[in-house]
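Note: the block below is final.cif and it holds mmCIF, C-alpha atoms.
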```cif
data_work
#
loop_
_atom_site.label_atom_id
_atom_site.label_comp_id
_atom_site.auth_asym_id
_atom_site.auth_seq_id
_atom_site.Cartn_x
_atom_site.Cartn_y
_atom_site.Cartn_z
CA CYS A 579 37.69 4.81 35.07
CA VAL A 580 34.95 4.58 32.41
CA VAL A 581 37.26 4.60 29.38
CA PRO A 582 39.61 1.86 30.72
CA ALA A 583 36.56 -0.29 31.48
CA VAL A 584 35.28 0.08 27.93
CA GLN A 585 38.73 -0.77 26.53
CA SER A 586 39.19 -3.74 28.87
CA SER A 587 39.47 -7.25 27.49
CA GLU A 588 37.14 -8.51 30.20
CA THR A 589 33.60 -8.83 28.91
CA VAL A 590 31.99 -7.93 32.22
CA LEU A 591 34.03 -4.73 32.51
CA GLN A 592 33.13 -3.79 28.94
CA GLU A 593 29.44 -4.25 29.68
CA TYR A 594 29.49 -2.01 32.75
CA GLY A 595 31.78 0.45 30.96
CA ILE A 596 29.28 0.78 28.06
CA GLU A 597 26.46 1.30 30.55
CA CYS A 598 28.33 3.99 32.50
CA LEU A 599 29.44 5.76 29.33
CA ALA A 600 25.84 5.83 28.10
CA LEU A 601 24.73 7.54 31.32
CA CYS A 602 27.47 10.14 30.89
CA CYS A 603 26.40 10.75 27.29
CA LEU A 604 22.87 11.49 28.46
CA LEU A 605 24.32 14.45 30.38
CA ASP A 606 26.48 15.85 27.56
CA LYS A 607 25.40 15.98 23.91
CA SER A 608 28.91 16.52 22.52
CA LEU A 609 30.11 13.43 24.40
CA ALA A 610 27.22 11.45 22.91
CA VAL A 611 28.05 12.56 19.37
CA ASP A 612 31.70 11.60 19.82
CA ASN A 613 30.96 8.12 21.21
CA ILE A 614 27.87 7.11 19.21
CA ILE A 615 30.12 5.03 16.92
CA LEU A 616 31.27 3.02 19.93
CA PHE A 617 27.70 2.06 20.81
CA ALA A 618 27.00 1.16 17.18
CA GLN A 619 30.03 -1.16 17.15
CA ALA A 620 28.78 -2.82 20.32
CA VAL A 621 25.49 -3.51 18.55
CA LYS A 622 27.08 -4.80 15.34
CA GLN A 623 29.95 -6.84 16.82
CA GLY A 624 28.97 -7.51 20.42
CA SER A 625 27.06 -10.48 21.74
CA GLY A 626 25.03 -11.29 24.82
CA GLU A 627 24.82 -8.54 27.45
CA LEU A 628 27.28 -6.32 25.60
CA HIS A 629 25.01 -6.33 22.56
CA ALA A 630 21.90 -5.66 24.67
CA LYS A 631 23.49 -2.80 26.64
CA GLY A 632 24.88 -1.22 23.48
CA LEU A 633 21.44 -1.31 21.86
CA ALA A 634 19.77 0.16 24.95
CA ALA A 635 22.35 2.94 25.07
CA LEU A 636 21.91 3.70 21.38
CA LEU A 637 18.14 3.98 21.76
CA ASP A 638 18.29 6.10 24.91
CA ILE A 639 20.73 8.56 23.38
CA ALA A 640 18.66 8.80 20.20
CA PHE A 641 15.57 9.47 22.30
CA MET A 642 17.38 12.23 24.18
CA TYR A 643 18.93 14.10 21.23
CA GLY A 644 17.16 12.80 18.13
CA ILE A 645 18.45 10.81 15.17
CA ALA A 646 19.04 13.88 13.00
CA ASP A 647 21.76 15.20 15.34
CA LEU A 648 23.44 11.82 15.88
CA ALA A 649 23.27 10.39 12.38
CA PRO A 650 26.17 12.43 10.87
CA SER A 651 28.58 10.45 13.01
CA LEU A 652 27.29 7.19 11.45
CA GLY A 653 26.42 8.44 7.96
CA GLU A 654 22.92 9.25 6.77
CA PRO A 655 19.83 9.15 9.02
CA SER A 656 18.64 6.20 6.97
CA ASP A 657 21.78 4.29 8.00
CA PHE A 658 20.96 4.89 11.64
CA VAL A 659 17.39 3.68 11.15
CA SER A 660 18.59 0.65 9.17
CA LEU A 661 20.77 -0.35 12.09
CA LEU A 662 17.70 -0.30 14.32
CA TYR A 663 15.68 -2.19 11.70
CA SER A 664 18.19 -5.03 11.75
CA GLU A 665 17.58 -5.50 15.46
CA LEU A 666 13.86 -5.99 14.85
CA GLU A 667 14.77 -9.13 12.89
CA SER A 668 16.89 -10.58 15.70
CA GLU A 669 16.19 -14.17 16.72
CA ASP A 670 16.68 -13.15 20.35
CA GLU A 671 13.24 -12.13 21.65
CA ARG A 672 14.78 -9.87 24.28
CA ILE A 673 16.76 -7.92 21.67
CA GLN A 674 13.73 -7.77 19.41
CA ALA A 675 11.53 -6.45 22.22
CA THR A 676 14.14 -3.86 23.24
CA ALA A 677 14.45 -2.62 19.66
CA GLY A 678 10.67 -2.50 19.17
CA GLU A 679 10.10 -0.60 22.41
CA GLY A 680 12.91 1.85 21.67
CA ILE A 681 11.73 2.57 18.12
CA ALA A 682 8.17 3.04 19.40
CA LYS A 683 9.45 5.64 21.88
CA LEU A 684 11.35 7.43 19.11
CA LEU A 685 8.20 7.59 17.00
CA TYR A 686 6.11 8.82 19.90
CA ALA A 687 8.63 11.59 20.63
CA HIS A 688 8.94 12.59 16.93
CA ARG A 689 12.64 11.73 16.91
CA ILE A 690 12.59 9.95 13.54
CA PRO A 691 12.70 12.20 10.43
CA ASP A 692 10.49 10.00 8.19
CA PRO A 693 8.11 8.09 10.46
CA SER A 694 5.90 6.45 7.81
CA ASP A 695 8.25 3.61 6.85
CA VAL A 696 9.13 2.93 10.49
CA LEU A 697 5.49 2.80 11.53
CA GLU A 698 4.72 0.40 8.68
CA GLU A 699 7.50 -1.93 9.85
CA LEU A 700 6.14 -1.95 13.39
CA LEU A 701 2.64 -2.77 12.14
CA VAL A 702 3.90 -5.74 10.18
CA LEU A 703 6.04 -6.86 13.12
CA TYR A 704 3.08 -6.61 15.49
CA TYR A 705 0.87 -8.96 13.49
CA HIS A 706 3.59 -11.26 12.18
CA PRO A 707 3.13 -14.88 13.32
CA ASP A 708 6.82 -15.12 14.25
CA THR A 709 6.32 -12.61 17.09
CA SER A 710 3.31 -14.39 18.59
CA GLY A 711 5.47 -15.72 21.42
CA ASN A 712 7.21 -12.42 22.20
CA ASP A 713 4.81 -11.12 24.85
CA ALA A 714 7.01 -8.17 25.82
CA LEU A 715 7.10 -6.84 22.26
CA ARG A 716 3.40 -7.30 21.59
CA GLN A 717 2.36 -5.83 24.91
CA CYS A 718 4.42 -2.72 24.20
CA LEU A 719 3.02 -2.29 20.67
CA THR A 720 -0.53 -2.97 21.85
CA TYR A 721 -0.31 0.16 23.97
CA PHE A 722 1.76 2.14 21.48
CA PHE A 723 -0.44 2.12 18.37
CA PRO A 724 -3.59 3.67 19.89
CA ALA A 725 -1.51 6.04 22.03
CA PHE A 726 0.43 7.21 18.98
CA SER A 727 -2.60 7.53 16.70
CA TYR A 728 -4.84 9.35 19.16
CA MET A 729 -2.15 11.72 20.50
CA ALA A 730 -2.18 14.18 17.57
CA HIS A 731 -3.73 14.58 14.15
CA ASP A 732 -0.31 14.53 12.50
CA ASN A 733 0.36 11.13 14.03
CA GLN A 734 -2.95 9.78 12.81
CA ALA A 735 -2.23 11.15 9.34
CA VAL A 736 0.89 8.95 9.26
CA MET A 737 -1.20 5.94 10.29
CA GLN A 738 -3.67 6.71 7.49
CA GLN A 739 -0.82 7.06 5.01
CA VAL A 740 0.61 3.58 5.71
CA ALA A 741 -2.71 1.77 6.33
CA VAL A 742 -3.13 0.30 2.84
CA ARG A 743 0.55 -0.56 2.43
CA ALA A 744 0.60 -2.37 5.77
CA VAL A 745 -2.60 -4.30 5.03
CA CYS A 746 -1.21 -5.42 1.65
CA ARG A 747 1.96 -6.71 3.27
CA LEU A 748 0.03 -8.41 6.04
CA ALA A 749 -2.21 -10.13 3.50
CA GLY A 750 0.80 -12.12 2.35
CA VAL A 751 2.08 -12.72 5.87
CA LEU A 752 -1.21 -13.86 7.36
CA LYS A 753 -2.54 -15.90 4.42
CA GLN A 754 -1.89 -19.13 6.35
CA GLN A 755 -3.05 -17.72 9.66
CA ASN A 756 -6.66 -18.92 9.40
CA SER A 757 -5.57 -22.56 9.37
CA ASP A 758 -2.82 -22.06 11.95
CA ALA A 759 -3.41 -23.64 15.33
CA GLN A 760 -1.71 -20.89 17.29
CA SER A 761 -3.65 -17.83 18.27
CA GLY A 762 -3.15 -14.68 16.24
CA ALA A 763 -4.91 -11.94 14.34
CA THR A 764 -6.61 -12.74 11.04
CA HIS A 765 -6.69 -10.55 7.94
CA GLY A 766 -9.99 -8.98 8.93
CA GLN A 767 -8.96 -8.31 12.51
CA ALA A 768 -5.72 -6.65 11.45
CA ALA A 769 -7.50 -4.47 8.89
CA GLN A 770 -10.21 -3.56 11.40
CA GLN A 771 -7.69 -2.42 14.02
CA ILE A 772 -5.68 -0.37 11.54
CA VAL A 773 -8.85 1.30 10.28
CA THR A 774 -9.93 2.05 13.85
CA TRP A 775 -6.60 3.68 14.66
CA SER A 776 -7.02 5.79 11.51
CA ASP A 777 -10.54 7.03 12.36
CA PRO A 778 -10.42 10.81 13.05
CA ARG A 779 -13.76 10.78 14.86
CA ILE A 780 -12.30 8.72 17.70
CA LEU A 781 -9.44 11.18 18.04
CA ASP A 782 -11.85 14.13 18.08
CA ALA A 783 -14.07 12.42 20.64
CA ILE A 784 -11.09 11.85 22.93
CA ALA A 785 -10.00 15.47 22.49
CA ALA A 786 -13.53 16.68 23.23
CA MET A 787 -13.61 14.77 26.51
CA SER A 788 -10.43 16.47 27.73
CA SER A 789 -11.24 19.98 26.51
CA SER A 790 -14.14 22.21 25.60
CA SER A 791 -13.17 22.44 21.93
CA SER A 792 -15.77 21.47 19.37
CA VAL A 793 -15.41 18.39 17.23
CA ARG A 794 -14.38 19.17 13.63
CA THR A 795 -14.29 15.76 12.07
CA SER A 796 -15.27 17.03 8.62
CA VAL A 797 -11.96 18.84 8.28
CA ARG A 798 -9.98 15.60 8.59
CA MET A 799 -12.25 13.10 6.83
CA GLY A 800 -10.35 13.77 3.62
CA THR A 801 -7.22 11.94 4.74
CA TYR A 802 -9.38 9.16 6.21
CA SER A 803 -11.38 8.59 3.02
CA GLN A 804 -8.14 8.61 1.04
CA ILE A 805 -7.58 5.14 2.51
CA ALA A 806 -10.49 3.85 0.41
CA VAL A 807 -9.16 5.54 -2.74
CA ASP A 808 -5.70 4.04 -2.19
CA ALA A 809 -7.16 0.59 -1.50
CA LEU A 810 -9.24 0.66 -4.69
CA LYS A 811 -6.20 1.65 -6.75
CA ARG A 812 -4.12 -1.17 -5.28
CA MET A 813 -6.77 -3.74 -6.22
CA PHE A 814 -5.87 -3.39 -9.91
CA SER A 815 -2.30 -4.62 -9.33
CA GLU A 816 -2.51 -6.90 -6.29
CA SER A 817 -2.97 -10.67 -6.20
CA PRO A 818 -6.47 -12.14 -5.71
CA PRO A 819 -5.95 -12.96 -1.99
CA THR A 820 -4.72 -9.42 -1.26
CA ARG A 821 -7.52 -7.97 -3.36
CA LYS A 822 -10.03 -9.90 -1.28
CA VAL A 823 -8.62 -8.44 1.94
CA LEU A 824 -8.74 -4.90 0.55
CA VAL A 825 -12.34 -5.12 -0.64
CA GLN A 826 -13.41 -6.36 2.79
CA MET A 827 -11.47 -3.50 4.34
CA LEU A 828 -13.56 -0.97 2.40
CA ASN A 829 -16.72 -1.80 4.34
CA LYS A 830 -14.88 -1.36 7.62
CA LEU A 831 -14.29 2.31 6.84
CA ALA A 832 -16.93 4.43 8.55
CA LEU A 833 -17.60 6.85 5.70
CA ASP A 834 -20.39 9.38 6.33
CA GLU A 835 -21.78 12.68 5.09
CA ASN A 836 -18.55 14.44 6.09
CA THR A 837 -16.61 12.54 3.43
CA PRO A 838 -15.41 14.92 0.67
CA HIS A 839 -17.64 14.71 -2.38
CA THR A 840 -14.62 14.45 -4.68
CA HIS A 841 -13.43 11.31 -2.91
CA LEU A 842 -16.89 9.80 -3.23
CA GLN A 843 -16.80 10.42 -6.97
CA GLN A 844 -13.32 8.93 -7.27
CA MET A 845 -14.34 5.85 -5.32
CA PHE A 846 -17.46 5.34 -7.42
CA VAL A 847 -15.51 5.46 -10.70
CA LEU A 848 -12.91 3.01 -9.37
CA VAL A 849 -15.59 0.63 -8.05
CA ARG A 850 -17.42 0.59 -11.38
CA THR A 851 -14.16 -0.06 -13.22
CA LEU A 852 -13.32 -2.98 -10.93
CA ALA A 853 -16.78 -4.43 -11.46
CA GLN A 854 -16.49 -4.04 -15.23
CA GLN A 855 -13.12 -5.78 -15.46
CA GLY A 856 -14.34 -8.71 -13.37
CA LEU A 857 -11.29 -8.90 -11.12
CA PHE A 858 -13.20 -10.70 -8.34
CA SER A 859 -13.95 -14.36 -8.92
CA ASP A 860 -15.48 -15.24 -5.55
CA MET A 861 -18.99 -14.32 -4.52
CA ILE A 862 -17.94 -12.87 -1.13
CA SER A 863 -15.70 -10.25 -2.71
CA ARG A 864 -18.29 -9.33 -5.35
CA ASN A 865 -20.93 -8.88 -2.67
CA ALA A 866 -18.56 -6.76 -0.58
CA LEU A 867 -17.83 -4.53 -3.57
CA ALA A 868 -21.54 -4.22 -4.34
CA LYS A 869 -22.26 -3.32 -0.72
CA PHE A 870 -19.65 -0.58 -0.82
CA GLU A 871 -21.14 0.75 -4.05
CA VAL A 872 -24.57 0.98 -2.39
CA LEU A 873 -23.00 3.08 0.38
CA LEU A 874 -21.41 5.38 -2.20
CA LEU A 875 -24.73 5.88 -3.99
CA LYS A 876 -26.33 6.79 -0.68
CA LEU A 877 -23.64 9.34 0.15
CA LEU A 878 -23.78 10.73 -3.39
CA GLU A 879 -27.55 11.16 -2.86
CA VAL A 880 -28.61 9.34 -6.01
CA GLU A 881 -31.23 6.63 -6.34
CA SER A 882 -29.24 4.29 -8.56
CA ALA A 883 -26.14 4.10 -10.71
CA ASP A 884 -28.24 5.16 -13.71
CA ASP A 885 -28.61 8.62 -12.16
CA VAL A 886 -24.85 9.23 -12.04
CA ASN A 887 -23.71 11.58 -14.80
CA LEU A 888 -20.13 10.54 -15.46
CA GLU A 889 -19.80 12.94 -18.38
CA SER A 890 -20.15 15.94 -16.09
CA TRP A 891 -17.34 14.62 -13.88
CA LEU A 892 -14.89 14.79 -16.77
CA GLU A 893 -14.80 18.58 -16.45
CA GLU A 894 -13.84 18.55 -12.76
CA PRO A 895 -10.08 19.03 -12.20
CA GLU A 896 -10.09 16.81 -9.09
CA MET A 897 -11.29 13.85 -11.17
CA VAL A 898 -8.61 14.09 -13.85
CA PRO A 899 -5.99 12.00 -11.92
CA ILE A 900 -8.47 9.15 -11.46
CA PHE A 901 -9.47 9.09 -15.12
CA GLU A 902 -5.82 9.25 -16.16
CA PHE A 903 -5.06 6.35 -13.81
CA ILE A 904 -7.79 4.21 -15.40
CA SER A 905 -6.74 5.32 -18.87
CA SER A 906 -3.20 4.11 -18.14
CA LEU A 907 -4.61 0.71 -17.14
CA ASP A 908 -6.44 0.45 -20.44
CA GLU A 909 -3.31 1.44 -22.35
CA ASP A 910 -1.31 -1.29 -20.58
CA ASP A 911 -3.95 -3.90 -21.39
CA ASP A 912 -4.09 -2.82 -25.02
CA ALA A 913 -0.29 -2.96 -25.26
CA THR A 914 -0.21 -6.58 -24.05
CA SER A 915 -3.22 -7.79 -26.05
CA SER A 916 -2.62 -6.14 -29.44
CA ALA A 917 0.52 -6.29 -31.58
CA SER A 918 -0.62 -3.36 -33.68
CA ASP A 919 0.67 -0.94 -31.04
CA ASP A 920 4.22 -1.50 -32.30
CA ASP A 921 3.23 -0.41 -35.79
CA GLU A 922 1.54 2.68 -34.43
CA GLU A 923 4.65 3.60 -32.46
CA ALA A 924 6.75 3.21 -35.61
CA GLU A 925 4.42 5.53 -37.49
CA HIS A 926 4.58 8.10 -34.71
CA SER A 927 8.38 7.89 -34.65
CA GLN A 928 8.48 8.71 -38.38
CA SER A 929 6.09 11.64 -38.03
CA PRO A 930 7.57 15.14 -37.52
CA PRO A 931 7.82 16.49 -33.95
CA GLU A 932 4.70 18.19 -32.76
CA SER A 933 4.59 21.81 -31.71
CA ASP A 934 4.17 23.01 -28.13
CA GLN A 935 0.53 23.84 -28.81
CA GLU A 936 -0.26 20.42 -30.25
CA ALA A 937 1.22 18.47 -27.31
CA PRO A 938 -1.37 19.48 -24.66
CA GLU A 939 -4.17 18.86 -27.15
CA ARG A 940 -2.88 15.34 -27.89
CA SER A 941 -2.57 14.64 -24.15
CA SER A 942 -6.16 15.70 -23.59
CA ARG A 943 -7.34 13.48 -26.42
CA ASN A 944 -5.49 10.51 -24.92
CA VAL A 945 -7.12 11.08 -21.55
CA LEU A 946 -10.56 11.38 -23.11
CA THR A 947 -9.93 8.20 -25.09
CA GLY A 948 -9.33 6.37 -21.84
CA LEU A 949 -12.40 7.97 -20.34
CA ASN A 950 -14.59 6.53 -23.07
CA VAL A 951 -14.12 3.16 -21.43
CA ILE A 952 -15.43 4.57 -18.18
CA SER A 953 -18.42 6.22 -19.78
CA ALA A 954 -19.38 2.82 -21.17
CA ILE A 955 -19.29 1.08 -17.79
CA PRO A 956 -22.46 -1.02 -17.47
CA ILE A 957 -24.16 1.20 -14.92
CA ALA A 958 -27.44 0.42 -16.69
CA ALA A 959 -28.56 -3.15 -17.20
CA LYS A 960 -28.74 -2.72 -20.99
CA THR A 961 -25.32 -1.05 -21.37
CA ARG A 962 -22.51 -3.53 -21.96
CA THR A 963 -19.01 -3.18 -23.40
CA ARG A 964 -16.09 -5.51 -23.82
CA SER A 965 -13.08 -4.84 -21.67
CA PRO A 966 -9.60 -4.66 -23.27
CA LEU A 967 -8.72 -8.04 -21.73
CA LYS A 968 -11.79 -9.66 -23.33
CA ARG A 969 -10.96 -8.07 -26.68
CA GLY A 970 -7.43 -9.45 -26.44
CA ARG A 971 -8.68 -12.95 -25.64
CA GLU A 972 -11.14 -12.84 -28.55
CA GLN A 973 -8.39 -11.75 -30.96
CA HIS A 974 -6.18 -14.59 -29.73
CA ILE A 975 -9.01 -17.11 -30.27
CA GLU A 976 -9.60 -15.79 -33.78
CA GLU A 977 -5.91 -16.23 -34.61
CA LEU A 978 -5.98 -19.81 -33.31
CA ASN A 979 -9.07 -20.55 -35.41
CA ARG A 980 -7.36 -19.21 -38.53
CA GLU A 981 -4.30 -21.39 -37.88
CA ILE A 982 -6.50 -24.46 -37.43
CA ASP A 983 -8.32 -23.73 -40.70
CA GLU A 984 -5.01 -23.44 -42.53
CA LEU A 985 -3.85 -26.79 -41.11
CA LEU A 986 -7.11 -28.44 -42.19
CA ASP A 987 -6.73 -27.02 -45.70
CA THR A 988 -3.21 -28.41 -45.88
CA ASP A 989 -4.39 -31.89 -44.82
CA GLU A 990 -7.10 -31.86 -47.51
CA ASP A 991 -4.50 -31.02 -50.16
CA ASP A 992 -2.35 -33.94 -49.01
CA ASP A 993 -5.29 -36.34 -49.35
CA ASP A 994 -5.94 -35.27 -52.97
CA PRO A 995 -5.34 -38.26 -55.40
CA GLU A 996 -3.71 -35.95 -57.91
CA ASN A 997 -0.97 -35.24 -55.39
CA TYR A 998 -0.30 -38.97 -55.05
CA LEU A 999 -0.16 -39.44 -58.82
CA SER A 1000 2.26 -36.59 -59.20
CA ALA A 1001 4.42 -38.07 -56.47
CA GLU A 1002 4.50 -41.49 -58.22
CA ASP A 1003 5.44 -39.89 -61.45
#
```

Encoded form using structure tokens:
Amino acid sequence: CVVPAVQSSETVLQEYGIECLALCCLLDKSLAVDNIILFAQAVKQGSGELHAKGLAALLDIAFMYGIADLAPSLGEPSDFVSLLYSELESEDERIQATAGEGIAKLLYAHRIPDPSDVLEELLVLYYHPDTSGNDALRQCLTYFFPAFSYMAHDNQAVMQQVAVRAVCRLAGVLKQQNSDAQSGATHGQAAQQIVTWSDPRILDAIAAMSSSSSVRTSVRMGTYSQIAVDALKRMFSESPPTRKVLVQMLNKLALDENTPHTHLQQMFVLVRTLAQQGLFSDMISRNALAKFEVLLLKLLEVESADDVNLESWLEEPEMVPIFEFISSLDEDDDATSSASDDDEEAEHSQSPPESDQEAPERSSRNVLTGLNVISAIPIAAKTRTRSPLKRGREQHIEELNREIDELLDTDEDDDDPENYLSAED
């Protein structure tokens, strides 16, 4: 009687038929695999109750057997997840809440193969102003995020992985939130909550209360402090409003003596580079960056920035990626500010191919060339260098001055009486 009800032309019979078939599929995995396409069609083509019951059935079956086992019937696992994503954008708050709750359950049960992208979408959805009136969705996610993050260290590692990406996306979504009359989270509140859910010390404290195991926060502070490294890297490419949110986020991170020394070194180099390039125009952001630098100096156990020996850090393998990252930024700036790079490339193209032994040496020289900019960062009051952007602007001004001088010389020649006489002749 279930199959005829699903095939009936009556909408009510179809709705109850879908519901009964879903219950049967929960008892038999092979039946679920064979009929998963039917539930997907109900979601894509159905409307009203039929759409809602098809979505609920799809989520319940995925929770029971996992997306990896059901996805082959629909294509790739990403296709299955994309179908669920589309329901998060539904204008129907009930459908949106059902999809959000179901996806949260799938994440909590480790039923989604790649949870990072899904978790990021839920974070953006949770703080988005468009969901401020969907109480069912927000109430579910309010419970889900701390429960997911503090359940296991692997879960919290996923939260730490997507923290910076989510904050950057929310910076664009919530930029008008401060002046909005309706209640909602601000940039700072969203960043503070995400940082709190990423804090491994809270997870260890909760685990210590329920067991006699000792707290080993130092083992997991590496993934936590990586948030600061990722945030500092994103500041070089993000817009000024997003950059302001990220620099304020840095001081919300509870870094302590358990933070890996390598991460402290990486953060210090990135902070000094940001300060040198002058990417922050407002006083609040500059003060926040300076405050974070003071914390780094304290954790590095040095009195001032003058005591930091950047030259010795060049020999540490863990610091090479950071210096190469900054060197690539300088190369990009030089490429946009100087036209001589094209001539150099032409000369290199005409030169004979280098041997296998010469290639690593040339790569090392390029890295060290980029590091020279870092070694000249004004960590002392008397030490000052011009950034590539300033050099480019000065070259452009010099070119404009030369063009103006040429125009003035031309005007003087035109005013010469001899020119007029020759013209009359």

Open item on the list: Restricting the calculation to all atoms listed in the file: of A:Glu588, A:Asp808, A:Asp692, A:Glu679, which residue gets closest to A:Ile900?
Closed with: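 Counting all atoms listed in the file, the residue closest to A:Ile900 is A:Asp808.
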
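When all atoms listed in the file are used to compute distances to A:Val886, the closest of the residues A:Val823, A:Leu842, A:Leu867, A:Ile614 turns out to be A:Leu842.
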
TODO: Using the chain letters and numbers from the file, give me the residues hit by the PyMOL selection byres ((chain A and resi 649) around 12), as a ChimeraX atom specification.
DONE: /A:610-615,618,636,639-640,643-648,650-661,689-691

TODO: Might you spell out which residues the PyMOL selection byres ((chain A and resi 667) around 12) would select in the displayed file, as an NGL selection string?
DONE: :A and (660-666 or 668-678 or 699-700 or 702-703 or 706 or 708-709)

- [ ] Check what the PyMOL selection byres ((chain A and resi 817) around 12) selects in the file above and give those residues as a list in words.
- [x]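 Output from the PyMOL selection byres ((chain A and resi 817) around 12), applied to this file: Cys746, Arg747, Ala749, Gly750, Lys753, Arg812, Met813, Phe814, Ser815, Glu816, Pro818, Pro819, Thr820, Arg821, Lys822, Val823, Leu824, Leu857, Phe858 and Ser859 of chain A.
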
Could you please take those selected residues and save C-alpha atoms as a PDB file, in the frame of the given file?
```pdb
ATOM      1  CA  CYS A 746      -1.210  -5.420   1.650  1.00  0.00           C
ATOM      2  CA  ARG A 747       1.960  -6.710   3.270  1.00  0.00           C
ATOM      3  CA  ALA A 749      -2.210 -10.130   3.500  1.00  0.00           C
ATOM      4  CA  GLY A 750       0.800 -12.120   2.350  1.00  0.00           C
ATOM      5  CA  LYS A 753      -2.540 -15.900   4.420  1.00  0.00           C
ATOM      6  CA  ARG A 812      -4.120  -1.170  -5.280  1.00  0.00           C
ATOM      7  CA  MET A 813      -6.770  -3.740  -6.220  1.00  0.00           C
ATOM      8  CA  PHE A 814      -5.870  -3.390  -9.910  1.00  0.00           C
ATOM      9  CA  SER A 815      -2.300  -4.620  -9.330  1.00  0.00           C
ATOM     10  CA  GLU A 816      -2.510  -6.900  -6.290  1.00  0.00           C
ATOM     11  CA  PRO A 818      -6.470 -12.140  -5.710  1.00  0.00           C
ATOM     12  CA  PRO A 819      -5.950 -12.960  -1.990  1.00  0.00           C
ATOM     13  CA  THR A 820      -4.720  -9.420  -1.260  1.00  0.00           C
ATOM     14  CA  ARG A 821      -7.520  -7.970  -3.360  1.00  0.00           C
ATOM     15  CA  LYS A 822     -10.030  -9.900  -1.280  1.00  0.00           C
ATOM     16  CA  VAL A 823      -8.620  -8.440   1.940  1.00  0.00           C
ATOM     17  CA  LEU A 824      -8.740  -4.900   0.550  1.00  0.00           C
ATOM     18  CA  LEU A 857     -11.290  -8.900 -11.120  1.00  0.00           C
ATOM     19  CA  PHE A 858     -13.200 -10.700  -8.340  1.00  0.00           C
ATOM     20  CA  SER A 859     -13.950 -14.360  -8.920  1.00  0.00           C
TER      21      SER A 859
END
```

Open item on the list: Measuring between all atoms listed in the file, which one of A:Thr720, A:Tyr728, A:Lys869, A:Val696 shows the shortest distance to A:Val740?
Closed with: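 Selected residue with least distance to A:Val740: A:Val696.
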
- [ ] Figure out the distance between atom CA of A:Val825 and atom CA of A:Ser906, please, to one decimal in Å.
- [x]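 These atoms are spaced 21.8 Å apart.
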
- [ ] Would you work out the distance separating atom CA of A:Glu593 from atom CA of A:Glu627, expressed in Å to one decimal?
- [x]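 If I compute the distance from atom CA of A:Glu593 to atom CA of A:Glu627, I get 6.7 Å.
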
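Among the candidate residues A:Ala735, A:Val880, A:Val751, A:Val807, the one lying nearest to A:Pro693 is A:Ala735, with distances computed using all atoms listed in the file.
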
Task: Interatomic distance (Å, one decimal) between atom CA of A:Ser863 and atom CA of A:Val898 - done: 27.7 Å

Task: Polymer residues at most 9 Å from A:Met845, only C-alpha atoms, same-chain spacing of 4 or more positions, as a PyMOL selection string - done: chain A and resi 806-807+810+840-841+849-850+871+874

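Contact shell of A:Trp891 at 10 Å (all atoms listed in the file; same-chain neighbours under 6 positions omitted): Thr840, Gln843, Gln844, Val847, Met897, Val898 and Phe901 of chain A.
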